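S.K.: The following file, target30.txt, comprises compact mmCIF, C-alpha atoms:
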# COMPACT_ATOMS: atom_id res chain seq x y z
CA MET H 63 0.00 0.00 0.00
CA ARG H 64 2.83 2.38 0.84
CA VAL H 65 4.37 1.93 -2.62
CA LEU H 66 1.05 2.63 -4.32
CA ILE H 67 0.60 5.77 -2.25
CA LEU H 68 4.12 6.88 -3.18
CA ALA H 69 3.40 6.24 -6.88
CA ALA H 70 0.18 8.26 -6.64
CA VAL H 71 2.00 11.15 -4.96
CA CYS H 72 4.72 11.11 -7.63
CA PHE H 73 2.10 11.22 -10.35
CA GLY H 74 0.35 14.07 -8.60
CA VAL H 75 3.58 16.05 -8.45
CA THR H 76 3.93 15.82 -12.24
CA LEU H 77 0.68 17.78 -12.50
CA ILE H 78 2.29 20.79 -10.82
CA ASN H 79 3.30 22.57 -14.01
CA PRO H 80 1.90 25.43 -16.11
CA HIS H 81 0.01 23.02 -18.39
CA GLY H 82 -1.38 20.62 -15.80
CA GLY H 83 -2.53 17.24 -17.11
CA ALA H 84 -1.88 18.28 -20.71
CA ALA H 85 1.86 18.09 -20.09
CA VAL H 86 1.52 14.52 -18.83
CA MET H 87 -0.56 13.46 -21.83
CA ARG H 88 1.74 15.13 -24.35
CA ALA H 89 4.06 12.14 -24.73
CA LEU H 90 1.10 9.80 -25.28
CA GLU H 91 -0.34 12.16 -27.90
CA HIS H 92 3.00 12.28 -29.67
CA ALA H 93 3.33 8.52 -29.67
CA PHE H 94 -0.14 7.50 -30.76
CA ASP H 95 -1.52 10.34 -32.89
CA PRO H 96 -0.19 9.69 -36.42
CA THR H 97 -1.73 12.90 -37.77
CA LEU H 98 0.69 15.18 -35.93
CA PRO H 99 3.11 16.81 -38.40
CA ILE H 100 6.02 16.03 -36.08
CA HIS H 101 5.79 12.39 -37.19
CA GLN H 102 7.29 13.40 -40.51
CA VAL H 103 10.62 14.03 -38.76
CA ALA H 104 12.96 11.04 -39.04
CA GLU H 105 13.67 10.88 -35.32
CA TRP H 106 9.95 10.35 -34.65
CA LEU H 107 9.63 7.38 -37.01
CA PRO H 108 9.16 3.86 -35.60
CA PRO H 109 12.56 2.40 -34.65
CA PHE H 110 12.56 -0.35 -37.25
CA GLU H 111 11.83 1.93 -40.21
CA PRO H 112 14.87 3.11 -42.19
CA GLY H 113 16.31 6.57 -41.62
CA GLY H 114 16.81 8.73 -38.56
CA LEU H 115 18.25 7.72 -35.23
CA ARG H 116 19.35 4.14 -34.68
CA SER H 117 20.28 2.11 -31.60
CA TRP H 118 21.86 -1.29 -32.07
CA LEU H 119 21.21 -2.10 -28.40
CA TYR H 120 17.46 -1.59 -28.73
CA PRO H 121 16.52 -5.11 -29.95
CA TYR H 122 18.64 -6.64 -27.19
CA GLY H 123 16.93 -4.37 -24.68
CA ILE H 124 13.53 -5.61 -25.82
CA GLY H 125 14.73 -9.20 -25.52
CA ALA H 126 16.07 -8.61 -22.02
CA PHE H 127 12.82 -6.93 -20.95
CA VAL H 128 10.67 -9.74 -22.37
CA ALA H 129 12.85 -12.37 -20.67
CA ALA H 130 12.91 -10.56 -17.33
CA THR H 131 9.19 -9.77 -17.12
CA PRO H 132 7.95 -13.37 -16.50
CA VAL H 133 10.58 -13.81 -13.78
CA VAL H 134 9.47 -10.63 -12.06
CA LEU H 135 5.75 -11.35 -12.42
CA ALA H 136 6.17 -14.90 -11.12
CA ASN H 137 7.92 -13.53 -8.07
CA ALA H 138 5.19 -10.91 -7.68
CA ALA H 139 2.46 -13.57 -7.79
CA LEU H 140 4.14 -15.37 -4.89
CA ARG H 141 5.05 -12.40 -2.72
CA ARG H 142 2.61 -9.75 -4.06
CA PRO H 143 4.99 -6.76 -3.87
CA PRO H 144 3.17 -3.76 -5.41
CA ASP H 145 6.43 -2.19 -6.62
CA THR H 146 6.82 -5.10 -9.06
CA TRP H 147 3.53 -4.37 -10.78
CA VAL H 148 4.33 -0.65 -10.96
CA ALA H 149 7.79 -1.33 -12.45
CA THR H 150 6.33 -3.74 -15.02
CA ALA H 151 3.62 -1.26 -16.02
CA ILE H 152 6.15 1.54 -16.47
CA GLY H 153 8.44 -0.69 -18.56
CA ALA H 154 5.57 -1.91 -20.74
CA MET H 155 4.28 1.63 -21.34
CA ALA H 156 7.77 2.84 -22.25
CA LEU H 157 8.17 -0.10 -24.63
CA ALA H 158 4.87 0.74 -26.33
CA LEU H 159 5.94 4.35 -26.76
CA SER H 160 9.33 3.36 -28.17
CA LEU H 161 7.79 0.98 -30.69
CA ARG H 162 5.70 3.87 -32.01
CA SER H 163 8.55 6.39 -32.17
CA ARG H 164 12.31 6.00 -31.87
CA ARG H 165 12.33 9.25 -29.94
CA PHE H 166 11.19 7.21 -26.92
CA VAL H 167 13.89 4.53 -27.13
CA PRO H 168 15.95 6.22 -24.35
CA LEU H 169 12.77 6.40 -22.24
CA PHE H 170 12.34 2.65 -22.68
CA GLY H 171 15.99 2.16 -21.71
CA MET H 172 15.29 3.89 -18.41
CA GLY H 173 11.91 2.24 -17.87
CA GLN H 174 13.12 -1.30 -18.42
CA THR H 175 15.88 -0.95 -15.82
CA LEU H 176 13.25 -1.20 -13.08
CA VAL H 177 12.23 -4.66 -14.27
CA LEU H 178 15.77 -5.78 -15.07
CA ALA H 179 16.96 -4.73 -11.62
CA LEU H 180 14.23 -6.79 -9.95
CA ALA H 181 15.01 -9.82 -12.14
CA LEU H 182 18.74 -9.54 -11.56
CA SER H 183 18.23 -9.19 -7.82
CA ARG H 184 16.29 -12.45 -7.91
CA LEU H 185 19.04 -14.12 -9.91
CA GLY H 186 21.70 -12.55 -7.72
CA SER H 187 20.22 -14.08 -4.58
CA VAL H 188 20.93 -17.49 -6.12
CA LEU H 189 24.37 -16.67 -7.52
CA ARG H 190 25.61 -15.05 -4.32
CA ARG H 191 25.69 -18.48 -2.71
CA ARG H 192 28.22 -19.69 -5.29
CA ILE H 193 30.03 -16.65 -6.66
CA PRO H 194 31.66 -13.88 -4.60
CA PRO H 195 30.02 -10.49 -5.34
CA VAL H 196 33.34 -9.03 -6.47
CA VAL H 197 33.57 -11.41 -9.44
CA PRO H 198 30.69 -9.99 -11.55
CA ALA H 199 31.80 -6.45 -10.66
CA LEU H 200 35.33 -7.13 -11.91
CA GLY H 201 33.91 -8.86 -14.98
CA ALA H 202 31.78 -5.82 -15.83
CA LEU H 203 34.79 -3.53 -15.31
CA ALA H 204 36.95 -5.67 -17.62
CA LEU H 205 34.23 -5.75 -20.29
CA ALA H 206 33.87 -1.96 -20.13
CA GLY H 207 37.65 -1.56 -20.47
CA VAL H 208 37.78 -3.77 -23.57
CA TRP H 209 34.73 -2.06 -25.07
CA LEU H 210 36.03 1.48 -24.55
CA ALA H 211 39.69 0.76 -25.35
CA PRO H 212 39.57 1.90 -29.03
CA TYR H 213 37.90 5.22 -28.20
CA PRO H 214 39.58 8.44 -27.03
CA LYS H 215 39.43 9.15 -23.29
CA THR H 216 40.06 12.89 -23.63
CA VAL H 217 37.94 15.89 -24.61
CA SER H 218 38.61 15.01 -28.26
CA ALA H 219 35.72 12.55 -27.98
CA PHE H 220 33.40 15.57 -27.88
CA HIS H 221 33.67 16.00 -31.66
CA TYR H 222 32.50 12.49 -32.34
CA LEU H 223 29.87 12.14 -29.62
CA THR H 224 28.13 15.40 -30.57
CA ALA H 225 28.96 15.39 -34.32
CA ASP H 226 29.52 19.13 -33.97
CA TYR H 227 31.13 19.16 -37.40
CA GLU H 228 27.67 18.64 -38.91
CA PHE H 229 26.62 22.10 -37.68
CA PRO H 230 27.35 25.41 -39.43
CA VAL H 231 30.29 26.22 -37.16
CA GLU H 232 32.29 28.31 -39.61
CA THR H 233 29.28 30.20 -40.98
CA LEU H 234 28.37 31.27 -37.47
CA ASN H 235 32.00 32.23 -36.85
CA PHE H 236 31.49 34.65 -39.76
CA VAL H 237 28.13 35.80 -38.38
CA ASN H 238 29.65 36.53 -34.98
CA ALA H 239 32.70 38.25 -36.47
CA ASN H 240 30.34 40.74 -38.13
CA GLY H 241 27.71 40.95 -35.38
CA LEU H 242 24.90 40.02 -37.79
CA SER H 243 21.42 40.10 -36.28
CA GLY H 244 17.82 39.74 -37.40
CA ASN H 245 15.48 36.93 -38.40
CA VAL H 246 16.82 33.78 -40.03
CA PHE H 247 14.97 30.95 -41.72
CA ALA H 248 17.29 28.15 -40.61
CA TYR H 249 17.36 24.43 -41.17
CA TYR H 250 15.28 22.74 -38.45
CA GLY H 251 18.12 20.78 -36.86
CA TRP H 252 20.31 23.88 -36.60
CA GLY H 253 17.81 26.21 -34.91
CA GLY H 254 18.95 25.69 -31.35
CA TYR H 255 22.61 25.86 -32.34
CA VAL H 256 22.07 29.18 -34.12
CA GLN H 257 20.42 30.67 -31.04
CA LEU H 258 23.19 29.34 -28.80
CA ARG H 259 26.04 30.66 -30.94
CA THR H 260 24.49 34.09 -31.58
CA GLN H 261 23.01 34.47 -28.08
CA GLY H 262 19.63 35.26 -29.63
CA ARG H 263 20.82 37.93 -32.09
CA LEU H 264 19.57 35.71 -34.90
CA LYS H 265 15.96 34.70 -34.28
CA VAL H 266 15.01 31.42 -35.96
CA PHE H 267 11.73 30.52 -37.64
CA ILE H 268 11.64 27.14 -35.84
CA ASP H 269 14.00 24.90 -33.90
CA GLY H 270 14.15 21.34 -32.61
CA ARG H 271 11.49 21.98 -29.99
CA ALA H 272 9.00 21.94 -32.87
CA GLU H 273 5.36 22.22 -31.85
CA THR H 274 6.16 22.20 -28.13
CA ALA H 275 7.31 25.81 -28.55
CA TYR H 276 5.84 26.68 -31.96
CA ALA H 277 2.40 26.28 -33.49
CA ASN H 278 1.67 23.20 -35.58
CA ASP H 279 1.11 25.49 -38.58
CA THR H 280 4.65 26.81 -38.20
CA TYR H 281 6.02 23.31 -38.53
CA VAL H 282 3.78 22.60 -41.51
CA ASP H 283 5.10 25.77 -43.17
CA TYR H 284 8.66 24.60 -42.51
CA LEU H 285 7.88 21.25 -44.16
CA THR H 286 6.55 23.16 -47.18
CA VAL H 287 10.00 24.70 -47.59
CA LEU H 288 11.88 21.51 -46.78
CA ASP H 289 9.96 19.56 -49.44
CA ARG H 290 9.88 22.50 -51.90
CA LYS H 291 6.14 22.31 -52.18
CA PRO H 292 4.25 24.99 -54.15
CA GLY H 293 4.49 28.32 -52.34
CA TRP H 294 7.68 27.50 -50.42
CA ILE H 295 9.37 30.75 -51.44
CA ASP H 296 6.34 32.71 -50.20
CA VAL H 297 6.65 30.95 -46.83
CA ILE H 298 10.23 32.16 -46.42
CA GLU H 299 9.58 35.70 -47.62
CA SER H 300 6.43 36.16 -45.55
CA SER H 301 8.25 34.94 -42.43
CA GLY H 302 10.15 38.23 -42.18
CA ALA H 303 13.49 36.48 -42.58
CA ASP H 304 16.53 38.62 -43.26
CA PHE H 305 18.72 35.55 -43.76
CA VAL H 306 18.32 31.94 -44.84
CA LEU H 307 20.71 29.31 -43.45
CA TRP H 308 20.39 26.07 -45.33
CA PRO H 309 22.40 22.85 -45.80
CA ARG H 310 24.90 23.04 -48.60
CA TRP H 311 23.85 19.64 -49.93
CA GLN H 312 20.37 21.06 -50.64
CA ALA H 313 21.63 24.32 -52.08
CA LYS H 314 20.71 23.37 -55.64
CA ASP H 315 17.01 23.53 -54.79
CA VAL H 316 16.40 26.06 -52.01
CA VAL H 317 19.39 28.36 -52.44
CA THR H 318 19.24 28.43 -56.23
CA GLY H 319 15.49 29.00 -56.18
CA LEU H 320 15.79 31.99 -53.86
CA VAL H 321 18.71 33.54 -55.75
CA HIS H 322 16.78 33.29 -59.01
CA THR H 323 14.07 35.55 -57.58
CA GLY H 324 16.59 38.39 -57.49
CA ARG H 325 15.55 39.20 -53.91
CA TRP H 326 18.23 37.07 -52.24
CA ARG H 327 21.96 36.73 -52.69
CA PRO H 328 24.66 34.40 -51.29
CA LEU H 329 26.54 35.84 -48.33
CA TYR H 330 28.72 33.04 -46.96
CA ARG H 331 29.18 29.28 -47.00
CA ASP H 332 31.14 26.72 -45.07
CA SER H 333 31.61 22.97 -45.45
CA VAL H 334 27.98 22.14 -44.56
CA SER H 335 25.89 25.30 -44.92
CA GLN H 336 25.11 28.28 -47.10
CA LEU H 337 23.95 31.66 -45.81
CA LEU H 338 21.76 33.89 -47.96
CA VAL H 339 20.76 37.47 -47.23
CA ARG H 340 17.78 39.45 -48.50
CA THR H 341 19.02 42.09 -50.94
CA THR H 342 17.29 44.83 -48.96
CA THR H 343 19.04 43.92 -45.68
CA THR H 344 21.70 46.38 -44.49
CA LEU H 345 25.04 44.73 -43.67
CA PRO H 346 28.21 46.03 -42.00
CA ASP H 347 30.64 47.61 -44.44
CA PRO H 348 33.21 46.25 -44.78
CA LEU H 349 32.43 42.66 -43.79
CA MET H 350 35.07 41.06 -41.59
CA ALA H 351 36.63 37.68 -42.32
CA SER H 352 36.00 34.93 -39.80
CA PRO H 353 38.87 34.11 -37.40
CA GLU H 354 41.42 31.54 -38.56
CA SER H 355 40.39 28.05 -37.41
CA ALA H 356 40.32 24.41 -38.42
CA TYR H 357 36.72 24.88 -39.56
CA ARG H 358 37.70 27.78 -41.81
CA GLN H 359 40.35 25.64 -43.48
CA LEU H 360 37.90 22.76 -43.80
CA SER H 361 35.42 25.04 -45.57
CA LEU H 362 38.09 26.32 -47.95
CA GLY H 363 39.16 22.75 -48.63
CA VAL H 364 35.64 21.55 -49.42
CA THR H 365 35.07 24.51 -51.73
CA ALA H 366 38.36 23.85 -53.54
CA LEU H 367 37.42 20.19 -53.95
CA LEU H 368 34.07 21.09 -55.50
CA GLU H 369 35.93 23.35 -57.91
CA ARG H 370 38.33 20.46 -58.67
CA GLN H 371 41.32 22.41 -57.33
CA LEU H 372 42.85 19.32 -55.77
CA GLU H 373 46.18 20.77 -54.68
CA ALA H 374 44.55 23.74 -52.96
CA ALA H 375 42.03 21.41 -51.34
CA ARG H 376 44.82 19.19 -50.03
CA ARG H 377 46.67 22.15 -48.50
CA HIS H 378 43.60 23.51 -46.74
CA LEU H 379 42.56 20.12 -45.39
CA GLU H 380 46.04 19.36 -44.10
CA ARG H 381 46.06 22.74 -42.33
CA ALA H 382 42.67 21.91 -40.81
CA LEU H 383 44.05 18.64 -39.44
CA GLN H 384 47.14 20.35 -38.11
CA ALA H 385 44.89 22.72 -36.17
CA ASP H 386 42.49 19.96 -35.06
CA PRO H 387 43.54 16.34 -35.71
CA ASP H 388 40.08 15.16 -34.59
CA LEU H 389 38.11 17.12 -37.18
CA GLN H 390 36.64 14.06 -38.88
CA PRO H 391 35.29 15.67 -42.10
CA ALA H 392 38.74 17.12 -42.82
CA CYS H 393 40.23 13.64 -42.54
CA THR H 394 37.64 11.90 -44.72
CA THR H 395 37.61 14.69 -47.32
CA LEU H 396 41.39 14.56 -47.52
CA VAL H 397 41.12 10.84 -48.33
CA GLU H 398 38.79 11.69 -51.21
CA VAL H 399 41.15 14.41 -52.48
CA GLN H 400 44.13 12.04 -52.37
CA LEU H 401 42.19 9.33 -54.19
CA LEU H 402 41.08 11.78 -56.87
CA GLY H 403 44.72 12.77 -57.29
CA GLY H 404 45.74 9.13 -57.72
CA ASP H 405 47.75 8.99 -54.48
CA VAL H 406 46.34 5.72 -53.17
CA ALA H 407 49.16 5.17 -50.67
CA SER H 408 48.58 8.51 -48.96
CA ALA H 409 44.82 8.00 -49.03
CA THR H 410 45.22 4.59 -47.35
CA ALA H 411 47.45 6.08 -44.66
CA THR H 412 45.05 8.97 -44.06
CA ALA H 413 42.08 6.60 -43.81
CA ALA H 414 43.99 4.53 -41.25
CA ARG H 415 44.70 7.69 -39.28
CA CYS H 416 40.99 8.58 -39.32
CA SER H 417 40.11 5.17 -37.97
CA ALA H 418 42.80 5.28 -35.30
CA ARG H 419 41.49 8.56 -33.92
CA TYR H 420 37.97 7.20 -33.49
CA PRO H 421 36.50 3.89 -34.72
CA ASP H 422 33.46 4.47 -36.91
CA PRO H 423 32.25 1.61 -39.15
CA GLU H 424 29.82 3.87 -41.04
CA ARG H 425 32.59 6.36 -41.87
CA ASP H 426 34.92 3.56 -42.97
CA GLU H 427 32.16 2.16 -45.16
CA ARG H 428 31.69 5.57 -46.80
CA LEU H 429 35.42 5.81 -47.46
CA GLN H 430 35.39 2.35 -49.02
CA THR H 431 32.46 3.38 -51.21
CA ILE H 432 34.37 6.47 -52.37
CA TYR H 433 37.40 4.33 -53.12
CA GLU H 434 35.37 1.79 -55.13
CA ARG H 435 33.57 4.53 -57.06
CA LEU H 436 36.77 6.32 -58.00
CA ARG H 437 38.49 3.09 -58.94
CA ALA H 438 35.57 2.18 -61.20
CA ALA H 439 35.70 5.63 -62.80
CA ARG H 440 39.33 5.04 -63.75
Please rewrite the model in this file as structure tokens.
M.R.:
Amino acid sequence: MRVLILAAVCFGVTLINPHGGAAVMRALEHAFDPTLPIHQVAEWLPPFEPGGLRSWLYPYGIGAFVAATPVVLANAALRRPPDTWVATAIGAMALALSLRSRRFVPLFGMGQTLVLALALSRLGSVLRRRIPPVVPALGALALAGVWLAPYPKTVSAFHYLTADYEFPVETLNFVNANGLSGNVFAYYGWGGYVQLRTQGRLKVFIDGRAETAYANDTYVDYLTVLDRKPGWIDVIESSGADFVLWPRWQAKDVVTGLVHTGRWRPLYRDSVSQLLVRTTTTLPDPLMASPESAYRQLSLGVTALLERQLEAARRHLERALQADPDLQPACTTLVEVQLLGGDVASATATAARCSARYPDPERDERLQTIYERLRAAR
């Protein structure tokens, strides 16, 4: 009874928020209402559909939860502890949410630990009679050491764990160097980063909080631009945007379309993004160059590669790696430049250096694909 009272009190506390019960129901609405526009974002897709976030541990977690639940419920039927039923209900609800949307996979990871802990405690009571408690602890420590051995143990891991190189770092270095401010129609996944880097000087149309902070219609309008549906240019221009910050790999559609109107012009670009400005927007004169950095050299290297200036690209990318040996795109792009130049030995050595800094099977697979494509072209 005490556990049930505690659970009821905890639930009641969650209602103490500006939105009351609506805040509690929000996750369930997200998970089970397929009409919400947010479900068109890859990270909200079901976990077994292609695209978006992936977790290789997820299927094993489901298996562990399914195996542990009968053990826990059997023990609950004998002893009737109410905490067992509460833990099982929480785990099952989290599993249901995660099966609907991969966004809830971490929630399931937390929810299932309640059931796994109860099952392991039951198993542990049997094993403790035969195995000293220190043995499994040392075994887990050894396994963790072997698992983490190939990965960096310093702050250099930050690059890889956050994939910060996929954000418009250098473009925002330029923005900050010139103190640019105003409204920006930015790529959805970059919205929060833009606000962080500019301390609110650039106000985004939408960010990763989606409809929790913006109206559903705002997200629908963003999807109109993302998918280049009829009227997408009107959406941008009616938003009051002074700037547009868009991925460089989509520049052929969005950027080119805006420039062709004559009302927008390119202002800056880095290795991943392109910044446009409305032709009527007043800018500082003269514009300042961004500070020297590894990201600046990476951007110059990528631009040189696209212009087939291989020697210039090689120089810039090598300078980027000298400034930051853990800047992964500089490493992988340098491999491509060396392969295009026919220097297979250097490309192989550079690829090995990339892998030694941080193991990444997907990156190595991309490098192998580049190598096979270039070899076939020859």
S.K.: Give me, please, the distance in Å between CA of Ser117 in chain H and CA of Cys393 in chain H, quoted to one decimal.
M.R.: 25.5 Å
S.K.: Rounded to one decimal in Å, what is the spacing between CA of Leu66 in chain H and CA of Val128 in chain H?
M.R.: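 Computing the Euclidean distance for CA of Leu66 in chain H and CA of Val128 in chain H yields 23.9 Å.
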S.K.: Within 12 Å of Glu427 in chain H, counting all atoms listed in the file, which residues show up once you throw out same-chain ones fewer than 6 positions away? Write them as an MDAnalysis selection string, please.
M.R.: chainID H and resid 394 413 417 421 433:434
S.K.: Counting all atoms listed in the file, which residue out of H:Val321, H:Leu234, H:Leu379, H:Ile268 sits closest to Pro353 in chain H?
M.R.: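 Distance minimum relative to Pro353 in chain H lands on H:Leu234.
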S.K.: Between H:Tyr276, H:Tyr281, H:Glu111, H:Arg165, which is the closest to Leu98 in chain H once you count only C-alpha atoms?
M.R.: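 Nearest to Leu98 in chain H: H:Tyr281.
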S.K.: What is the distance between CA of Met172 in chain H and CA of Ile193 in chain H, in Å to one decimal?
M.R.: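 CA of Ile193 in chain H lies at a distance of 27.9 Å from CA of Met172 in chain H.
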S.K.: Taking 6 positions as the minimum chain separation for residues in the same chain, which residues sit within 9 Å of His92 in chain H when counting all atoms listed in the file? Answer as a CSV table (one decimal) with C-alpha atoms, keeping the file's coordinate frame.
M.R.:
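Below is the file result05.csv, written as the result:
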chain,number,residue,atom,x,y,z
H,98,LEU,CA,0.7,15.2,-35.9
H,100,ILE,CA,6.0,16.0,-36.1
H,101,HIS,CA,5.8,12.4,-37.2
H,106,TRP,CA,10.0,10.4,-34.6
H,159,LEU,CA,5.9,4.4,-26.8
H,163,SER,CA,8.6,6.4,-32.2
